[in-house]
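Following: one structure in structure tokens, then a few remarks.
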Amino acid sequence: MNDVVRNNIERFSGFASLYDTYRPEAPETVRALLIAYLGHKPDTVIDLGSGTGLSTFPWRHEARRVIGVEPNDDMRAQAERRAKDLGADNVVFLPGVSTAIPCSDTSADLVTCSQSFHWMDPQPTLCEVARVLRPGGVFAVYDCDWPPSCCLETDVAYDALLRCAEASIERHVPKQDQARKWPKEQHLDQIRASGLFSFAKEVVFHVETHLGADAFIGIALSQGQVQTALRRRLPDIEQEMLVFETRVRAAFRDGEKPVWFSYRLRLGVKAAAST
């Protein structure tokens with residue numbers, strides 16, 4: 001395992017419970033869209049970079065078998081605990097990375113990456129995805145924009161917190177210990193450039209919900225760069241976190257506010273078998 005893969009995996013250690021509490025589950029719109037492009041309900045779904053299972057468990061009522069592939073031990077353990085609590089017998093979580101998916105050839109109808117593809121080397125990953133997909137199967141990468149939209153005050157506070165964390169990491173963490181992200185805006189281009197899919201497109205949509213200040217703060221705390229800065233006790237981050245919490249609580253005024261999660265989904269369809 002090279003340093004980039006190791007750093008990307010370890011970035012998510014130590015806060016699985018917090019992540020599971022505050023990150024949103026995969027929206028119903030994702031399942032409806034992918035079933036529509038697949039043309040039928042899936043028999044088998046593989047969720048790559050499945051984390052704590054927030055993007056995995058919603059498929060348990062749609063598919064006969066659901067496989068979460070997650071290399072981070074903390075995240076996978078949290079998902080396994082939740083699977084037991086839910087009695088989700090058709091959901092399993094396997095250790096593995098996207099460039100060596102622990103599943104057999106042409107074994108899945110759908111392969112999904114929720115908030116995870118930007119942590120993966122895209123072209124080797126796409127080759128593995130094409131290997132495990134059945135002809136006519138669908139690959140989907142989807143992310144929500146950060147922060148979720150609420151109001152000017154929360155957007156400005158969130159942006160300041162993330163910029164502080166990222167700047168502190170850049171200054172104080174050696175390059176060889178930093179995680180690497182591939183650009184999200186290039187996901188669709190990567191799918192098309194692979195030549196492995198007969199059709200590809202982007203779909204955008206949003207999900208509206210209501211959150212309180214604690215939940216909004218928890219979403220910020222679930223960001224890897226914030227956790228990295230806090231865990232390493234990097235300069236300025238604790239003070240910036242206090243400022244962020246104060247500004248968010250003032251904006252929410254002890255109540256809930258409407259919040260919009262904006263999603264970008266990129267999908268590719270593997271060519272059907274020739275007759």
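Each chain in the structure tokens gets a letter, A, B and so on, in the order shown; residues start at 1 in every chain, and ligands are counted from 1 in the order they appear.
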
Practice problem: Name all residues at most 8 Å from segment 60-75 of chain A (count only C-alpha atoms; drop same-chain ones fewer than 4 positions away) and give them as a ChimeraX atom specification. | Solution: /A:9-10,12-16,41-53,56,79,88,90-98,101-102

Practice problem: Find the residues near Thr29 of chain A: any atom within 12 Å, counting only C-alpha atoms, skip ones fewer than 5 places away on the same chain, and give them as a PyMOL selection string. | Solution: chain A and resi 34-36+58+142+203-208+262-265

Quiz item: Near Gln176 of chain A, within 12 Å and counting only C-alpha atoms, which residues show up once chain neighbours fewer than 3 positions away are dropped, as a list of chain:residue names?
Solution: A:Asn2, A:Asp3, A:Val4, A:Val5, A:Arg6, A:Asn7, A:Asn8, A:Ile169, A:Glu170, A:His172, A:Val173, A:Ala179, A:Arg180

Quiz item: Among segment 55-256 of chain A, which ones does DSSP place in helix (DSSP H, G or I), written as a PyMOL selection string?
Solution: chain A and resi 57-61+73-86+117-119+122-132+152-172+175-177+184-193+213-221+224-231+237-252

How would the residues just picked look written out with C-alpha atoms as an mmCIF file, in the first residue's frame?
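Contents of selection33.cif, freshly written:
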data_model
loop_
_atom_site.group_PDB
_atom_site.id
_atom_site.type_symbol
_atom_site.label_atom_id
_atom_site.label_comp_id
_atom_site.auth_asym_id
_atom_site.auth_seq_id
_atom_site.Cartn_x
_atom_site.Cartn_y
_atom_site.Cartn_z
ATOM 1 C CA PHE A 57 -27.958 0.527 4.158
ATOM 2 C CA PRO A 58 -30.596 2.398 2.100
ATOM 3 C CA TRP A 59 -30.129 -0.290 -0.612
ATOM 4 C CA ARG A 60 -31.074 -3.174 1.695
ATOM 5 C CA HIS A 61 -34.763 -2.911 0.755
ATOM 6 C CA ASP A 73 -11.178 -0.276 10.178
ATOM 7 C CA ASP A 74 -12.954 2.284 12.407
ATOM 8 C CA MET A 75 -15.529 3.159 9.768
ATOM 9 C CA ARG A 76 -16.142 -0.474 8.841
ATOM 10 C CA ALA A 77 -16.566 -1.510 12.503
ATOM 11 C CA GLN A 78 -19.184 1.210 12.971
ATOM 12 C CA ALA A 79 -21.027 -0.049 9.878
ATOM 13 C CA GLU A 80 -20.936 -3.640 11.117
ATOM 14 C CA ARG A 81 -22.393 -2.610 14.484
ATOM 15 C CA ARG A 82 -25.230 -0.809 12.748
ATOM 16 C CA ALA A 83 -25.883 -3.780 10.454
ATOM 17 C CA LYS A 84 -26.291 -5.967 13.531
ATOM 18 C CA ASP A 85 -28.612 -3.444 15.204
ATOM 19 C CA LEU A 86 -30.747 -3.189 12.062
ATOM 20 C CA PHE A 117 -14.494 8.743 -5.401
ATOM 21 C CA HIS A 118 -12.265 11.805 -4.946
ATOM 22 C CA TRP A 119 -10.160 9.726 -2.538
ATOM 23 C CA PRO A 122 -9.752 7.262 -10.786
ATOM 24 C CA GLN A 123 -8.610 5.233 -13.792
ATOM 25 C CA PRO A 124 -7.478 2.060 -11.957
ATOM 26 C CA THR A 125 -10.674 2.295 -9.914
ATOM 27 C CA LEU A 126 -12.819 2.561 -13.043
ATOM 28 C CA CYS A 127 -11.125 -0.522 -14.498
ATOM 29 C CA GLU A 128 -12.059 -2.462 -11.363
ATOM 30 C CA VAL A 129 -15.597 -1.098 -11.425
ATOM 31 C CA ALA A 130 -16.028 -2.235 -15.026
ATOM 32 C CA ARG A 131 -14.680 -5.669 -14.086
ATOM 33 C CA VAL A 132 -17.258 -6.269 -11.341
ATOM 34 C CA LEU A 152 -25.118 33.742 4.730
ATOM 35 C CA GLU A 153 -23.862 33.628 8.325
ATOM 36 C CA THR A 154 -23.425 29.845 8.379
ATOM 37 C CA ASP A 155 -21.821 29.735 4.917
ATOM 38 C CA VAL A 156 -19.235 32.357 5.877
ATOM 39 C CA ALA A 157 -18.473 30.679 9.213
ATOM 40 C CA TYR A 158 -18.133 27.239 7.629
ATOM 41 C CA ASP A 159 -15.850 28.510 4.890
ATOM 42 C CA ALA A 160 -13.598 30.252 7.431
ATOM 43 C CA LEU A 161 -13.303 27.064 9.513
ATOM 44 C CA LEU A 162 -12.359 24.875 6.549
ATOM 45 C CA ARG A 163 -9.889 27.423 5.198
ATOM 46 C CA CYS A 164 -8.244 27.581 8.625
ATOM 47 C CA ALA A 165 -7.977 23.781 8.841
ATOM 48 C CA GLU A 166 -6.629 23.406 5.307
ATOM 49 C CA ALA A 167 -4.087 26.218 5.706
ATOM 50 C CA SER A 168 -2.853 24.809 9.006
ATOM 51 C CA ILE A 169 -2.456 21.328 7.510
ATOM 52 C CA GLU A 170 -0.571 22.767 4.548
ATOM 53 C CA ARG A 171 1.828 24.660 6.840
ATOM 54 C CA HIS A 172 2.399 22.121 9.585
ATOM 55 C CA LYS A 175 3.612 16.603 2.412
ATOM 56 C CA GLN A 176 4.234 12.865 2.644
ATOM 57 C CA ASP A 177 1.723 12.658 5.512
ATOM 58 C CA LYS A 184 -14.624 16.248 -8.041
ATOM 59 C CA GLU A 185 -15.358 18.438 -11.051
ATOM 60 C CA GLN A 186 -13.418 15.956 -13.201
ATOM 61 C CA HIS A 187 -15.413 12.860 -12.187
ATOM 62 C CA LEU A 188 -17.573 12.812 -15.323
ATOM 63 C CA ASP A 189 -14.552 13.431 -17.550
ATOM 64 C CA GLN A 190 -12.746 10.528 -15.869
ATOM 65 C CA ILE A 191 -15.702 8.196 -16.483
ATOM 66 C CA ARG A 192 -15.857 9.183 -20.150
ATOM 67 C CA ALA A 193 -12.077 9.071 -20.620
ATOM 68 C CA ALA A 213 -27.212 24.198 15.436
ATOM 69 C CA ASP A 214 -25.768 21.001 16.949
ATOM 70 C CA ALA A 215 -26.378 19.056 13.743
ATOM 71 C CA PHE A 216 -24.894 21.793 11.560
ATOM 72 C CA ILE A 217 -21.809 21.974 13.797
ATOM 73 C CA GLY A 218 -21.563 18.175 13.705
ATOM 74 C CA ILE A 219 -21.455 18.217 9.903
ATOM 75 C CA ALA A 220 -18.464 20.552 10.018
ATOM 76 C CA LEU A 221 -16.776 18.370 12.630
ATOM 77 C CA GLY A 224 -11.666 15.155 7.410
ATOM 78 C CA GLN A 225 -9.546 18.304 7.318
ATOM 79 C CA VAL A 226 -11.164 19.633 10.497
ATOM 80 C CA GLN A 227 -10.616 16.325 12.274
ATOM 81 C CA THR A 228 -7.011 16.163 11.076
ATOM 82 C CA ALA A 229 -6.290 19.655 12.400
ATOM 83 C CA LEU A 230 -8.028 18.988 15.738
ATOM 84 C CA ARG A 231 -6.400 15.587 16.213
ATOM 85 C CA ILE A 237 -7.917 25.423 14.811
ATOM 86 C CA GLU A 238 -9.375 25.221 18.329
ATOM 87 C CA GLN A 239 -9.926 28.978 18.470
ATOM 88 C CA GLU A 240 -11.454 28.951 14.978
ATOM 89 C CA MET A 241 -13.726 26.077 16.041
ATOM 90 C CA LEU A 242 -15.000 28.147 18.983
ATOM 91 C CA VAL A 243 -15.653 31.101 16.674
ATOM 92 C CA PHE A 244 -17.485 28.824 14.232
ATOM 93 C CA GLU A 245 -19.721 27.345 16.951
ATOM 94 C CA THR A 246 -20.552 30.793 18.318
ATOM 95 C CA ARG A 247 -21.519 32.135 14.884
ATOM 96 C CA VAL A 248 -23.616 29.084 14.000
ATOM 97 C CA ARG A 249 -25.510 29.122 17.305
ATOM 98 C CA ALA A 250 -26.232 32.825 16.858
ATOM 99 C CA ALA A 251 -27.595 32.133 13.368
ATOM 100 C CA PHE A 252 -29.852 29.276 14.507
#

Quiz item: Between A:Leu110, A:Ala200, A:Leu234, A:Val141, which has the minimum distance to Gly39 of chain A (counting only C-alpha atoms)?
Solution: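 Among the listed residues, A:Leu110 lies closest to Gly39 of chain A.
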
Practice problem: Mind giving me the straight-line distance from atom CA of Ser114 of chain A to atom CA of Arg233 of chain A in Å, one decimal? | Solution: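 Atom CA of Arg233 of chain A lies 28.7 Å from atom CA of Ser114 of chain A.
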
Practice problem: Please report, as a PyMOL selection string, each residue of segment 29-177 of chain A to which DSSP assigns strand (DSSP E or B) when run on this structure's backbone. | Solution: chain A and resi 44-48+65-69+91-94+97+100+108-114+133-144+149

Quiz item: Hey, which of A:Asp121, A:Asp89, A:Asp105, A:Asp143 ends up closest to Ala26 of chain A? Count only C-alpha atoms.
Solution: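 Comparing A:Asp121, A:Asp89, A:Asp105, A:Asp143 against Ala26 of chain A, the winner is A:Asp143.
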
Quiz item: With only C-alpha atoms as the basis for distance, which of A:Trp260, A:Trp182, A:Trp146, A:Phe199 is at the shortest distance from Ala272 of chain A?
Solution: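 Answer, going by the shortest atom-to-atom distance: A:Phe199.
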
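The space separating atom CA of Pro147 of chain A from atom CA of Arg31 of chain A comes to 22.9 Å.
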
Exercise. Find the distance between atom CA of Gly255 of chain A and atom CA of Tyr22 of chain A and write it in Å to one decimal.
Key: 17.1 Å

Quiz item: Which is closest to Ser222 of chain A among A:Leu33, A:Leu267, A:Leu18, A:Ala100, if we use only C-alpha atoms?
Solution: A:Leu18
